[in-house]
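Structure, as structure tokens:
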Amino acid sequence: MTDQLKKLLLGEQGLVVIFIVAFALVSLLVPNFLTDRNMLGLLQSVVTVGIVACTMMFCLAARDFDLSVGSIVAFAGMVAVMASNYIGSILLGLVAAIACGAFVGFINGVVIAKFRINALITTLATMQIVRGLALIASDGRAVGINSPDFYQLALSKFLGIPTPIWVLAVLFGIFGFVLNRTVFGKNTLAIGGNPEASRLAGVNVDRTRIWIFALQGVVCGIAGILLASRITSGQPNAAVGLELSVISACVLGGVSLAGGRATMSGVIVGVLIMGIAENAMNLLNIPAFYQYIVRGVILLLAVLLDNLRSSALGRR
Amino acid sequence: MTDQLKKLLLGEQGLVVIFIVAFALVSLLVPNFLTDRNMLGLLQSVVTVGIVACTMMFCLAARDFDLSVGSIVAFAGMVAVMASNYIGSILLGLVAAIACGAFVGFINGVVIAKFRINALITTLATMQIVRGLALIASDGRAVGINSPDFYQLALSKFLGIPTPIWVLAVLFGIFGFVLNRTVFGKNTLAIGGNPEASRLAGVNVDRTRIWIFALQGVVCGIAGILLASRITSGQPNAAVGLELSVISACVLGGVSLAGGRATMSGVIVGVLIMGIAENAMNLLNIPAFYQYIVRGVILLLAVLLDNLRSSALGRR
Amino acid sequence: QDTKIGFIVKQPEEPWFQDEWKFADQAAKEKGFTLVKIGAEDGEKLMSAIDNLGAQGAQGFIVCTPDVKLGPGIVAKAAANNLKLMTVDDRLVGADGKALEDVPHMGISATKIGEAVGQAIVDEMKARGWKADEVGAIRVSYDQLPTAVDRVEGAISVLKANGFKAENIFDAPQAKTDTEAALNAATVVLNAHADIKKWVSFGLNDEAVLGAVRASESVGIPADGMIGVGIGGADSAINEFKKPAATGFVGTVIISPKRHGYETALNMYDWVANNKEPEKLILTSGALAKRDDYQKVRQGLGIQ
Amino acid sequence: MSFLDFSRITKTYPGVKALSDVSFGVARGAVHGLMGENGAGKSTLIKILSGDQHADAGEIRIDGKVQAYSSTRDAFDNGVIVIHQELQLVPELTVAENLSLGRFPASAGIIAGRRMLDEVGAKLKSAGIDIDISRKVKTLSIGERQMVEIAKAVMLDARVIALDEPTSSLSSRESEILFALIDRLRAEGKVIIYVSHRLDEVFRLCDSLTVLRDGKLAAHHTSLEGVTRDQVVAEMVGREISDIWGFRPRKSGDVRLKVDAVSGAKLKTPASFEARAGEIVGFFGLIGAGRSELMRLVFGADPRSGGAISVDGKVVHATDPHGAIRAGIVLCSEDRKHDGIIQGRSIEENINISSRRHHARFGVLNRANEIATAETFIKKLKVRTPSRKQDIINLSGGNQQKVILGRWLSEQGVRVLIVDEPTRGIDVGAKSEIYELLYQLAEDGMAIIVVSSELPEVMGICDRILVMCGGRIGAELTRDQFAEKTILAAALPDTKTPDAIAS
Ligand SMILES: Nc1ncnc2c1ncn2[C@@H]1O[C@H](COP(=O)(O)OP(=O)(O)OP(=O)(O)O)[C@@H](O)[C@H]1O
Ligand SMILES: Nc1ncnc2c1ncn2[C@@H]1O[C@H](COP(=O)(O)OP(=O)(O)OP(=O)(O)O)[C@@H](O)[C@H]1O
Ligand SMILES: [Mg+2]
Ligand SMILES: [Mg+2]
């Protein structure tokens, strides 16, 4: 191995390099994979996970945990549809959805930061409560959208690429910048790395945590709106189990559950790996039961490779 | 408040005291709650969660995480039924089920401890793989039990109390003892408190972690057998989402996700609170959608009360 | 050019859908087309699955949707990918709640199945000589799922029409759709009404009713004190009939996965390959199978 | 006229009265020493000053104004900076980010990276601290981290600066940098509170001195003129200690530990040395000399890349601490927070974690024995605690150190005891007890290796000193060859004369 190659593989961006290699392999081996249509379909399929992963990254980096994302996404989608139908204005409907998401996130944050209740339990509780509200509001049935303009959110294209993918890309950009270049991002990493030291250094730990959860809520609201538009209805049962996919994507992307470590590029790779795995399995027509096994093995391989890489690097 | 009462409430066993008060209240307010039949029904309904919580407690106390328990329970149940049918001996079938559980747990442990792969990802992967195996083995169908003796595991009674409840009680006893009175238990807590310091203090950290996961597998095997006997068939779709219930019960019972803290009495209380909540809600005939909300609120209240208690105590 | 047809189902792990796929495969083998089977548990996965089919160059697909309200979205997505669309089991509806009649459909209405269950229960009660007001009914419910609501409501309507009192029908909400959850929920109902000795039960599927039957056994109600009638007729029900002694699980309403799988696939193939448009609506019916005649019933439905 | 006033400060923790009714004042431009036994309440007082803890009663006044802080942030804003006893750094961030944490230079929330580097760089340069500020803190050694921590003192324009045992993991060279810094701050008219267990430092730096004992004010000297060391020790401990080393010559036996050309990832040059039964061998060196690295290799805490280790002639094959302990080698690490204490667990468990395997049967604990061991060492090492069940995290720094020492002193069958900075943060009184214990163990035939950055300590208690410098063992001196100058000369990597530092 030449020195340059070694440096590339073992450097900060090593995960990205591994990913690119894997991507090239899949493109070669899986028929129909590397086509415009499939690429767009693939990207659209990771929009929800990808959007929510942006803020989940912050949450995990600050040593917190959020299980309520799936419920908030479903709830926000319901609100977007019902409010749009009721008010008759899509814009106001969207605002209402994002406001609801932010509100739930804010409540999460306050309970966790101020009352010092375990994040797992708190968000498990709001996960149930919010899902219950979504079910009650709709009587357990999907709610249709009155105005067809609503579908345009997901269907419209810009430069040939559907709007949701643009939204995802923009959010990746914004949160990557926020993580590395702003006081908020550094404070988040510091809190996760050493909460006590951050507090003693004068970081307003409680406020930062509340902000993280509120932002998470806003982002879930956006994801919920796009999802509702994509599936052309508000569904109270949508996005069940989303939390696990999002957290896995983040962890796969190198975010440490022990806090203090996160990169946007890692998270993007994590999200894409999961999306590509699903996509390729369906293209290869792998039977449903075997998909479980393949999914598990891919997860293991991905982290194993990354571990080998970083232990070759001598980091522990 | 008299001093004695204060001491009782704020002491080690404060959570238990709160629980007893809550139990008394529910008994008074919910008709049909405090009857022999309902109590036995309640206890039987928490058998699976309770059994698995015994070892999940160790897992969390050592700062690990196990998402694969639900899959292992289903898989072990399938193995118990299929092996019994095939070999024609129930005993050997049970041994096979427990061995399979132990094997999966062992693999989890080795991958996590030796290859140093994140526990969340590893067990998420085995969760998928094992569920896939269970589905493939049975072609996705429930497998019936040939010998009716198998049902007796769940239906038989001793002193008027069904066997599964005895098994649960015995396991609570054993693991309570192991946690507090054995080197293994103390090492587990030490690893959770500070893994590096424990290693330098001569604790064989890797081996202890492998043991914890293997034990978790054994216990899931037992739970799977009892469940299969209870529903008189091996079902590949059983126990989906069990991991979340078990982890919540543990956390509710004061097990710290940051490791190093766990008590058996706490976990028992956590398991019972969750069981009682479900039971009482059904007795009160609360509509399904509102149950979500009540469940969430109870979770929050339980930890909030415990927090108030321990912050009154001045601990942080 | 090869013919490629997609078959998307909402719960790929369920035996019912496994069977649909199996019979569709049979059609594929006979006619020599490629069948792409994809599971899509929610709306988002479904949309991705349709895109995925488009990318693979399929010409049409059959779908059992996770939610009927996805109708307009599915139609739009199929059109965008230039795919022919048929539905099975669950019929798509528009935003206004009316069925999308343009989309060819094969299925059975959830309410109808529920009514068949109710009728089976009523018949068995008559055979046992039970009076309606001494009997309790366990409604194993999973209200999150609209189909589940329709099925149990169908059963209840028949019970009520036959003199069952509304206050004797007790709700046992299951937290998940597996047998253990149904068992736990039903146990609570049984224990809360220890004075009632005769019970009937119905629910979303066989697994739900089996839970109620297990619960009755665990609280000591004999087999002749329980009438459970399930829906589905796959192995969990058959296993029950194979048991040496009769249990409270009296019967199950079998819907034929053969017609739903084989015929839809065949129709889609004809549409794609021979441009022969299928009938807009084909309604199938369920058949009650009991311990003594289940083999015959299954054979009659073309499954074995 | 005092600038900073503590008035009737009282603080109670459950079961412990940490401070009762403490009052004293400090003048502007003065360095004020704060001394006392472990657990006397020094850190608690400092924490109250920093706004981290709140006093139950009493008040703090600066320049006559009563200070009421609700957070550490308020304290900064009022010009109070505290360097805590335990390192408070974020390992994943760089030095510059750690030093700017809580007050990043930013506009509209966006960090001005260049400006941050410039500012931090300039501040450190003027303070004479030489650290690469773009390195992540996790790659620094303990000593280097301590310097980063100290650098916080110059990051803000403070009126009051409190340093809680800043030199406990520094060697003399780094300490000199700190002392120069303190002199400069004093000249600028700041008030400096200086907590230390090292009498030399206190007498060298301080203008005035307060001694705490059991949370109460034991003595207050507005000037150190005429105050003797023995007097201060007596005020602290309540008795006279004539010779804290109390060295007792011993006969040494056969070679116990033989380390042959051992090397590892962080110690490239192979190192060899021996220790005999009954011998106390000292390892001296400056920060980063590689002493801790060497000891970790011997103990198997880090993987060895080459070399062999034998105990009593038998080769030790084990490559992990677990195996090393069973072969009779134990190591008490220098980083007690990361490698020593087990948070959330009691003193009793922290002491027994390793030694319990001797009396546990079939894996079941022998409770009586555990309690007895814990009680014995709490008494022997004078751990100040309300009960053996106390969570170790609630102990004062020095008391935590004693508990960790207790863990290793209670081990049985030890042949080689390695202690890395054993008396870090421990008070004078307890130190002499610990030395006494070491002598006893040596007399019983143990080989003891003491790694220390405190020159008087290695000279005071060791039979032989090995000096490390730049990752290799340089000089070796027997007790009759001990001389400050020679030792320091061997420890210094460059040709600078040792006189500059030995003075
Ligand atoms: N959070 C806490 N909970 C309970 N007790 C505490 C807590 N913090 C400190 N203490 C107790 O208060 C007393 C004073 O502790 P402090 O840390 O101020 O001592 P110190 O003088 O700094 O000692 P050292 O020289 O060892 O650092 C000790 O007995 C300690 O055990
Ligand atoms: N985790 C690490 N990563 C990179 N370099 C390290 C790490 N730990 C220590 N070093 C470097 O290794 C060298 C040796 O450090 P070591 O701790 O062994 O020295 P020491 O003689 O024990 O001094 P002291 O313990 O007093 O700092 C130092 O220069 C230090 O910067
Ligand atoms: Mg202190
Ligand atoms: Mg050192």
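Simple scheme: letters A, B, ... for chains in structure tokens order, numbers from 1 for residues in each chain, numbers from 1 for ligands in the order shown.
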
Q: With a cut-off of 8 Å and counting only C-alpha atoms, select all residues of chain D in contact with chain B and give the selection as a list in words.
A: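 Interface list for chain D against chain B: Pro14, Ala301, Pro321, His322, Gly323, Ile325, Leu331, His338, Asp339, Gly340, Ile341, Ile342, Gln343, Gly344, Arg345, Glu349, Ile353, Ser354, Arg356, Arg357, Ala360, Gly363, Val364, Leu365 and Arg367 of chain D.
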
Q. Which chain C residues are at most 10 Å from chain B (counting only C-alpha atoms), as a ChimeraX atom specification?
A. /C:12-19,141-144,170-181,183-194,207,210-211,213-215,217-220,234-245

Q: Show which residues sit within 7 Å of D:Gly425, as a list in words. Count only C-alpha atoms, and ignore same-chain residues fewer than 4 positions away.
A: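 Those residues are Ser168, His197, Gly397 and Gly398 of chain D.
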
Q: Give as an MDAnalysis selection string the residues surrounding ligand 1 up to a distance of 9 Å, considering only C-alpha atoms and all ligand atoms.
A: (chainID B and resid 314:316) or (chainID D and resid 11:19 35:47 85 164:165 195:197 212:215 383:386 390:401 425:427)

Q) Any idea which chain A residues end up within 7 Å of chain B if we count only C-alpha atoms, as a PyMOL selection string please? A) chain A and resi 117+121-122+125-126+128-129+132+135-136+248+289-290+292-293+295-297+299-300+303-304

Written selection (C-alpha atoms) as a compact mmCIF listing (two decimals), in the first residue's frame:
```txt
# COMPACT_ATOMS: atom_id res chain seq x y z
CA ILE A 117 -35.46 13.00 33.80
CA ILE A 121 -37.80 7.49 29.46
CA THR A 122 -38.91 11.01 28.61
CA ALA A 125 -43.20 8.75 27.08
CA THR A 126 -43.65 11.52 24.52
CA GLN A 128 -46.43 7.23 23.21
CA ILE A 129 -48.30 10.41 24.02
CA GLY A 132 -51.80 8.65 20.91
CA LEU A 135 -54.44 8.45 16.57
CA ILE A 136 -57.10 10.31 18.53
CA SER A 248 -28.40 3.29 13.64
CA PHE A 289 -36.76 -13.33 5.10
CA TYR A 290 -33.24 -13.35 3.73
CA TYR A 292 -33.25 -9.59 7.42
CA ILE A 293 -30.04 -11.55 7.42
CA ARG A 295 -29.33 -6.28 6.53
CA GLY A 296 -27.77 -7.54 9.75
CA VAL A 297 -24.61 -8.68 8.05
CA LEU A 299 -24.54 -3.45 9.48
CA LEU A 300 -21.86 -5.58 11.09
CA VAL A 303 -18.79 -1.03 11.51
CA LEU A 304 -16.24 -3.81 11.44
```

Q. Which residues form the shell of 6 Å around ligand 2 when you count only C-alpha atoms and all ligand atoms, given as a PyMOL selection string?
A. chain D and resi 139-143+266+285-293

Can you write just those residues out, N, CA, C and O atoms, as a CSV table (one decimal), in the first residue's frame?
```csv
chain,number,residue,atom,x,y,z
D,139,THR,N,-5.0,13.7,23.2
D,139,THR,CA,-3.7,13.2,22.8
D,139,THR,C,-2.6,13.8,23.8
D,139,THR,O,-1.4,13.5,23.6
D,140,LEU,N,-3.0,14.5,24.8
D,140,LEU,CA,-2.0,15.1,25.7
D,140,LEU,C,-1.8,14.2,26.9
D,140,LEU,O,-2.7,13.4,27.3
D,141,SER,N,-0.6,14.3,27.5
D,141,SER,CA,-0.4,13.5,28.8
D,141,SER,C,-1.0,14.3,29.9
D,141,SER,O,-1.4,15.5,29.8
D,142,ILE,N,-1.1,13.6,31.1
D,142,ILE,CA,-1.7,14.3,32.2
D,142,ILE,C,-1.1,15.6,32.5
D,142,ILE,O,-1.8,16.6,32.8
D,143,GLY,N,0.2,15.6,32.5
D,143,GLY,CA,0.9,16.8,32.9
D,143,GLY,C,0.6,17.9,31.9
D,143,GLY,O,0.4,19.1,32.3
D,266,LYS,N,4.1,3.7,22.5
D,266,LYS,CA,4.4,5.1,22.9
D,266,LYS,C,5.8,5.2,23.5
D,266,LYS,O,6.2,6.2,24.0
D,285,GLY,N,11.7,11.9,36.5
D,285,GLY,CA,11.8,12.4,35.2
D,285,GLY,C,10.9,13.6,35.0
D,285,GLY,O,10.0,13.8,35.9
D,286,LEU,N,11.0,14.3,34.0
D,286,LEU,CA,10.1,15.4,33.7
D,286,LEU,C,8.8,14.8,33.0
D,286,LEU,O,8.8,13.7,32.7
D,287,ILE,N,7.8,15.7,32.9
D,287,ILE,CA,6.6,15.3,32.2
D,287,ILE,C,7.0,14.8,30.8
D,287,ILE,O,7.8,15.4,30.1
D,288,GLY,N,6.4,13.7,30.4
D,288,GLY,CA,6.6,13.2,29.1
D,288,GLY,C,7.9,12.4,29.0
D,288,GLY,O,8.3,12.0,27.9
D,289,ALA,N,8.5,12.1,30.1
D,289,ALA,CA,9.8,11.4,30.1
D,289,ALA,C,9.5,9.9,29.7
D,289,ALA,O,10.4,9.2,29.3
D,290,GLY,N,8.3,9.5,29.9
D,290,GLY,CA,7.9,8.1,29.5
D,290,GLY,C,7.9,7.1,30.7
D,290,GLY,O,7.8,5.9,30.5
D,291,ARG,N,7.9,7.7,31.9
D,291,ARG,CA,7.9,6.7,33.1
D,291,ARG,C,6.5,6.0,33.1
D,291,ARG,O,6.5,4.8,33.3
D,292,SER,N,5.5,6.8,33.0
D,292,SER,CA,4.2,6.1,33.1
D,292,SER,C,4.0,5.1,32.0
D,292,SER,O,3.4,4.0,32.2
D,293,GLU,N,4.5,5.5,30.8
D,293,GLU,CA,4.3,4.5,29.7
D,293,GLU,C,5.1,3.2,30.0
D,293,GLU,O,4.5,2.1,29.7
```

(Q) With only C-alpha atoms as the counted atoms, please give the residues lying no more than 9 Å from stretch 122-137 of chain C, apart from itself and same-chain residues fewer than 2 positions off, as number ranges by chain. (A) C: 117-120, 139, 158-159, 162-165, 167-171, 193, 196-202, 224, 227, 250

Dump as a compact mmCIF listing (two decimals), in the first residue's frame, selection limited to N, CA and C atoms:
```
# COMPACT_ATOMS: atom_id res chain seq x y z
N VAL C 117 -67.57 -14.16 10.44
CA VAL C 117 -67.13 -14.60 11.77
C VAL C 117 -68.29 -14.54 12.74
N GLY C 118 -69.01 -13.42 12.72
CA GLY C 118 -70.14 -13.25 13.64
C GLY C 118 -71.18 -14.36 13.42
N GLN C 119 -71.44 -14.64 12.14
CA GLN C 119 -72.42 -15.66 11.84
C GLN C 119 -71.97 -17.02 12.36
N ALA C 120 -70.70 -17.33 12.19
CA ALA C 120 -70.17 -18.61 12.65
C ALA C 120 -70.33 -18.72 14.16
N ARG C 139 -63.83 -8.79 22.51
CA ARG C 139 -63.50 -8.15 21.24
C ARG C 139 -62.01 -7.81 21.30
N VAL C 158 -73.39 -8.64 13.57
CA VAL C 158 -74.17 -9.88 13.49
C VAL C 158 -74.58 -10.35 14.88
N LEU C 159 -73.65 -10.25 15.84
CA LEU C 159 -73.98 -10.67 17.21
C LEU C 159 -75.17 -9.88 17.73
N ASN C 162 -78.45 -10.75 16.53
CA ASN C 162 -78.97 -11.99 17.08
C ASN C 162 -79.20 -11.92 18.58
N GLY C 163 -79.42 -10.75 19.07
CA GLY C 163 -79.85 -10.59 20.45
C GLY C 163 -78.72 -10.43 21.46
N PHE C 164 -77.50 -10.27 21.00
CA PHE C 164 -76.40 -10.05 21.94
C PHE C 164 -76.50 -8.64 22.49
N LYS C 165 -76.33 -8.51 23.82
CA LYS C 165 -76.41 -7.17 24.40
C LYS C 165 -75.07 -6.46 24.33
N GLU C 167 -73.72 -4.46 26.29
CA GLU C 167 -72.91 -4.40 27.52
C GLU C 167 -72.21 -5.72 27.83
N ASN C 168 -72.54 -6.75 27.07
CA ASN C 168 -71.83 -8.01 27.27
C ASN C 168 -70.63 -8.17 26.34
N ILE C 169 -70.37 -7.14 25.57
CA ILE C 169 -69.21 -7.19 24.66
C ILE C 169 -68.09 -6.38 25.30
N PHE C 170 -66.96 -7.04 25.57
CA PHE C 170 -65.87 -6.37 26.28
C PHE C 170 -64.66 -6.19 25.39
N ASP C 171 -64.09 -5.02 25.52
CA ASP C 171 -62.95 -4.68 24.68
C ASP C 171 -61.66 -5.20 25.30
N HIS C 193 -64.48 -10.30 34.80
CA HIS C 193 -65.86 -10.77 34.75
C HIS C 193 -65.91 -12.26 35.06
N ILE C 196 -69.05 -14.54 34.55
CA ILE C 196 -69.52 -15.07 33.27
C ILE C 196 -68.77 -16.36 32.95
N LYS C 197 -69.51 -17.40 32.61
CA LYS C 197 -68.86 -18.70 32.41
C LYS C 197 -68.75 -19.07 30.93
N LYS C 198 -69.54 -18.41 30.10
CA LYS C 198 -69.53 -18.76 28.68
C LYS C 198 -69.04 -17.56 27.88
N TRP C 199 -68.11 -17.84 26.98
CA TRP C 199 -67.48 -16.74 26.26
C TRP C 199 -67.40 -17.00 24.77
N VAL C 200 -67.48 -15.90 24.02
CA VAL C 200 -67.13 -15.99 22.60
C VAL C 200 -66.04 -14.94 22.35
N SER C 201 -65.26 -15.17 21.30
CA SER C 201 -64.25 -14.15 21.02
C SER C 201 -63.96 -14.07 19.53
N PHE C 202 -63.58 -12.87 19.12
CA PHE C 202 -63.26 -12.62 17.71
C PHE C 202 -62.26 -11.49 17.69
N ASP C 224 -65.47 -26.26 26.16
CA ASP C 224 -66.85 -26.06 25.73
C ASP C 224 -67.47 -24.79 26.32
N ILE C 227 -66.08 -20.00 22.57
CA ILE C 227 -66.21 -20.11 21.12
C ILE C 227 -65.37 -19.01 20.50
N VAL C 250 -62.90 -22.60 17.68
CA VAL C 250 -63.87 -23.44 16.99
C VAL C 250 -63.68 -23.44 15.48
```

Q | Neighbour list for B:Ala214 as a ChimeraX atom specification, cut-off 12 Å, only C-alpha atoms, skip fewer than 2 positions in-chain | A | /B:55-56,58-59,66,69,72,98-113,207-212,216-221

Q | Point-to-point distance from atom CA of D:Asp480 to atom CA of D:Ala442, Å rounded to tenths | A | 19.2 Å

(Q) Can you tell me, as a VMD selection string, which residues in stretch 64-309 of chain B count as helix (DSSP H, G or I) by DSSP? (A) chain B and resid 69 to 87 90 to 114 119 to 138 149 to 155 163 to 181 183 to 193 195 to 200 205 to 230 242 to 252 264 to 283 288 to 309

Q. Do you know which residues are at most 9 Å from B:Ala80 counting only C-alpha atoms, after dropping those on the same chain fewer than 2 positions away, and could you put them as an MDAnalysis selection string?
A. chainID B and resid 75:78 82:85 90 92:98 221 224:225 228 234

With a distance cut-off of 10 Å and only C-alpha atoms, select the neighbouring residues of C:Ile303, excluding the residue or stretch itself and same-chain residues fewer than 3 positions from it, and output the selection as an mmCIF file with N, CA and C atoms, in the first residue's frame.
```cif
data_model
loop_
_atom_site.group_PDB
_atom_site.id
_atom_site.type_symbol
_atom_site.label_atom_id
_atom_site.label_comp_id
_atom_site.auth_asym_id
_atom_site.auth_seq_id
_atom_site.Cartn_x
_atom_site.Cartn_y
_atom_site.Cartn_z
ATOM 1 N N ASP C 19 -48.289 -16.615 1.421
ATOM 2 C CA ASP C 19 -49.054 -17.499 0.557
ATOM 3 C C ASP C 19 -49.436 -16.801 -0.745
ATOM 4 N N PHE C 23 -48.426 -18.216 -4.470
ATOM 5 C CA PHE C 23 -49.309 -18.519 -5.590
ATOM 6 C C PHE C 23 -49.017 -17.621 -6.786
ATOM 7 N N SER C 256 -59.084 -17.183 0.456
ATOM 8 C CA SER C 256 -58.182 -17.964 -0.378
ATOM 9 C C SER C 256 -57.010 -17.138 -0.885
ATOM 10 N N PRO C 257 -55.805 -17.426 -0.403
ATOM 11 C CA PRO C 257 -54.640 -16.716 -0.942
ATOM 12 C C PRO C 257 -54.391 -17.132 -2.384
ATOM 13 N N LYS C 258 -54.961 -18.279 -2.774
ATOM 14 C CA LYS C 258 -54.685 -18.739 -4.130
ATOM 15 C C LYS C 258 -55.291 -17.790 -5.147
ATOM 16 N N ARG C 259 -56.593 -17.495 -4.955
ATOM 17 C CA ARG C 259 -57.206 -16.583 -5.928
ATOM 18 C C ARG C 259 -56.491 -15.236 -5.867
ATOM 19 N N GLN C 295 -59.734 -29.587 6.156
ATOM 20 C CA GLN C 295 -58.983 -30.049 4.991
ATOM 21 C C GLN C 295 -59.806 -29.912 3.719
ATOM 22 N N LYS C 296 -61.093 -30.277 3.876
ATOM 23 C CA LYS C 296 -61.964 -30.185 2.714
ATOM 24 C C LYS C 296 -62.092 -28.737 2.242
ATOM 25 N N VAL C 297 -62.299 -27.858 3.201
ATOM 26 C CA VAL C 297 -62.469 -26.452 2.852
ATOM 27 C C VAL C 297 -61.240 -25.916 2.144
ATOM 28 N N ARG C 298 -60.090 -26.280 2.647
ATOM 29 C CA ARG C 298 -58.858 -25.791 2.039
ATOM 30 C C ARG C 298 -58.712 -26.309 0.615
ATOM 31 N N GLN C 299 -59.028 -27.578 0.467
ATOM 32 C CA GLN C 299 -58.939 -28.124 -0.883
ATOM 33 C C GLN C 299 -59.883 -27.389 -1.827
ATOM 34 N N GLY C 300 -61.085 -27.126 -1.323
ATOM 35 C CA GLY C 300 -62.076 -26.415 -2.118
ATOM 36 C C GLY C 300 -61.553 -25.057 -2.562
#
```

(Q) To test your reading of the structure, identify every residue in stretch 54-285 of chain C that backbone DSSP assigns to strand (DSSP E), and report it as a VMD selection string. (A) chain C and resid 60 to 63 84 to 89 105 to 107 135 to 141 169 to 173 198 to 203 226 to 232 249 to 254 281 to 283
